[in-house]
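Visitor: Sharing a structure with you now.
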Amino acid sequence: MKNPSRRSSILPKEKGKKVFSTRFSLPSFVKHVNKLTESQKEALNRIGFGYLLLIPNQLLCKNILVELMDKWNPKKCTFTLPPGEITITLLDVALILGLPVTGNPVILREDVPFSDLEREYGAVLWNRKITVAALEERLKCYGEADEEDFTRTFLLFTFGTLLFPNSNGKVDSRFLSLLQDLSKVSRFAWGAAVLEDLFNWLCKRKEKNVQYIGGCLILLQIWLYEHVHNARPKSLDNTLRFPRICRWGNSRSHLGHCLKVKELDANQITWKLELTAEESEIEIIKELFAAQSERIAHHVDQSCSPGDSLSSGSDMVINYGSSEQKAISNSESEVEIVGEVCEPKERFSNQLSIVSTDHIESPSTSCHVLNDRKEQIEHSHTLPSNFTSIIVSDDDEDDLEERNRSLGKQNVELKEEICNLKKEIEFLSNKLECSSMVEDQNVKLRKEVENLRHENKVLTSSTQKLVARLESIVFEDHGVGIGDQIIE
């Protein structure tokens with residue numbers, strides 16, 4: 001039976017409109033947040049997910065989301081609106097959700113060994129999935145406990161309902177490999193992974209016309225509120241301003257609102273979000289701009305020749321080899337660099353790879369950066385088709401040797417796991433063979449029983465006949481004796 005709360009964030013289908021279904025469920029997430037104790041909230045805050053706990057319950061405004069999705073350009077990963085092209089940036093994600101967008105990439109690899117932790121959560125080697133319903137039941141068992149297992153379970157539940165919901169209501173158990181050491185969880189760029197996953201689903205809807213839409217749809221809705229003026233509902237009267245998702249509320253009357261994309265003009269769009277003084281002091285925002293500065297300096301050094309003069313235009317084209325994107329800015333001295341994204345076709349692979357990169361949008365002097373990182377792009381073409389392209393940052397290169405050792409160790413563990421599975425298969429085969437023998441013996445015994453029953457019937461019939469004859473003989477002899485006495 002479906003949980004009704006999973007459908008409460010979506011409007012009913014409307015006639016004549018291309019509708020979508022989703023397992024995204026902000027109400028379900030908020031309901032469980034409201035049950036958390038202070039110690040449980042603190043445990044989640046320590047690993048970088050504290051801002052998500054501030055999110056108020058909101059309904060998805062399906063009308064405007066459909067209009068916006070229809071304007072998605074899969075090749076450029078931008079929304080094509082009448083005034084120009086615009087996309088969701090990592091800065092948008094950091095401001096709206098309060099998640100870190102810099103750090104280690106979030107990658108779910110096929111070669112990650114199946115762990116005891118995955119088995120504990122009910123996953124199996126041939127189906128590495130955990131249902132959201134099972135995670136919900138598991139959360140109920142923890143009560144007020146704030147132990148590590150609770151934290152992992154709540155994060156998996158958050159992935160399945162809020163950040164990475166998919167079409168089957170399940171969470172990939174390989175996420176547990178990233179959650180095994182909770183002290184390292186905050187080092188991952190979860191916000192960048194959320195953005196990549198949302199882009200994947202927007203491309204799937206546009207190119208494959210799928211009915212179920214996954215991804216963090218509330219990010220898409222709040223991004224629309226922040227950037228497109230006539231899409232906005234009434235702002236919440238709340239002193240809490242970070243993350244920006246806490247600024248906006250909606251009512252039943254707003255749910256029927258239409259975007260009217262064709263009537264949009266440039267004055268109705270905020271091309272680039274301006275930071276407040278408070279937001280500038282948020283740690284994840286400071287980390288983002290620090291990474292921007294380093295990356296931009298690197299691009300300028302590598303891509304602009306000494307004799308080239310810098311352009312002062314408001315547009316900048318960036319080619320990372322995977323897709324060409326156009327960033328739009330209101331000022332001549334500032335542009336946004338859109339983070340690298342992978343070719344849409346790669347997103348539809350059997351292997352889910354959620355990738356983040358450190359080269360991200362940033363204010364800087366305009367210049368044209370073309371054919372950048374050719375060597376890395378050529379290397380990415382040699383990767384298996386079931387992986388998305390990954391650009392390794394400078395920090396990651398220092399850890400390659402350590403990762404190789406780790407992969408070697410994982411390879412040995414995987415071989416041991418395969419060996420154990422072979423033994424288990426052999427044991428089951430022997431057991432099955434024994435079962436077959438027992439079944440054969442049972443068949444023989446059944447035949448013997450049937451024969452005995454038949455013989456028993458024959459004997460019973462013969463006995464009855466014999467008794468009848470004996471009785472008749474006895475009666476005849478007795479009758480003769482009586483007759484002789486009368487004659488005398």
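If you're wondering about the labels, chains in the structure tokens are A, B, ... by order shown, residues count from 1 in each chain, ligands from 1 in order shown.
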Give the strand (DSSP E or B) residues of region 83-119 of chain A, as assigned by DSSP on the backbone, as a ChimeraX atom specification.
Guide: /A:84-86,104
Visitor: CA of Asp116 (chain A) and CA of Ser173 (chain A) are how many Å apart?
Guide: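 Here the two named atoms are 11.1 Å from each other.
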Visitor: Record the distance separating CA of Ser461 (chain A) and CA of Lys444 (chain A), expressed in Å with one decimal.
Guide: 25.9 Å
Visitor: Pick out the closest residue to Lys206 (chain A) from this set: A:Leu176, A:Ala43, A:Cys77, A:Val185. Count only C-alpha atoms.
Guide: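 Counting only C-alpha atoms, the residue closest to Lys206 (chain A) is A:Cys77.
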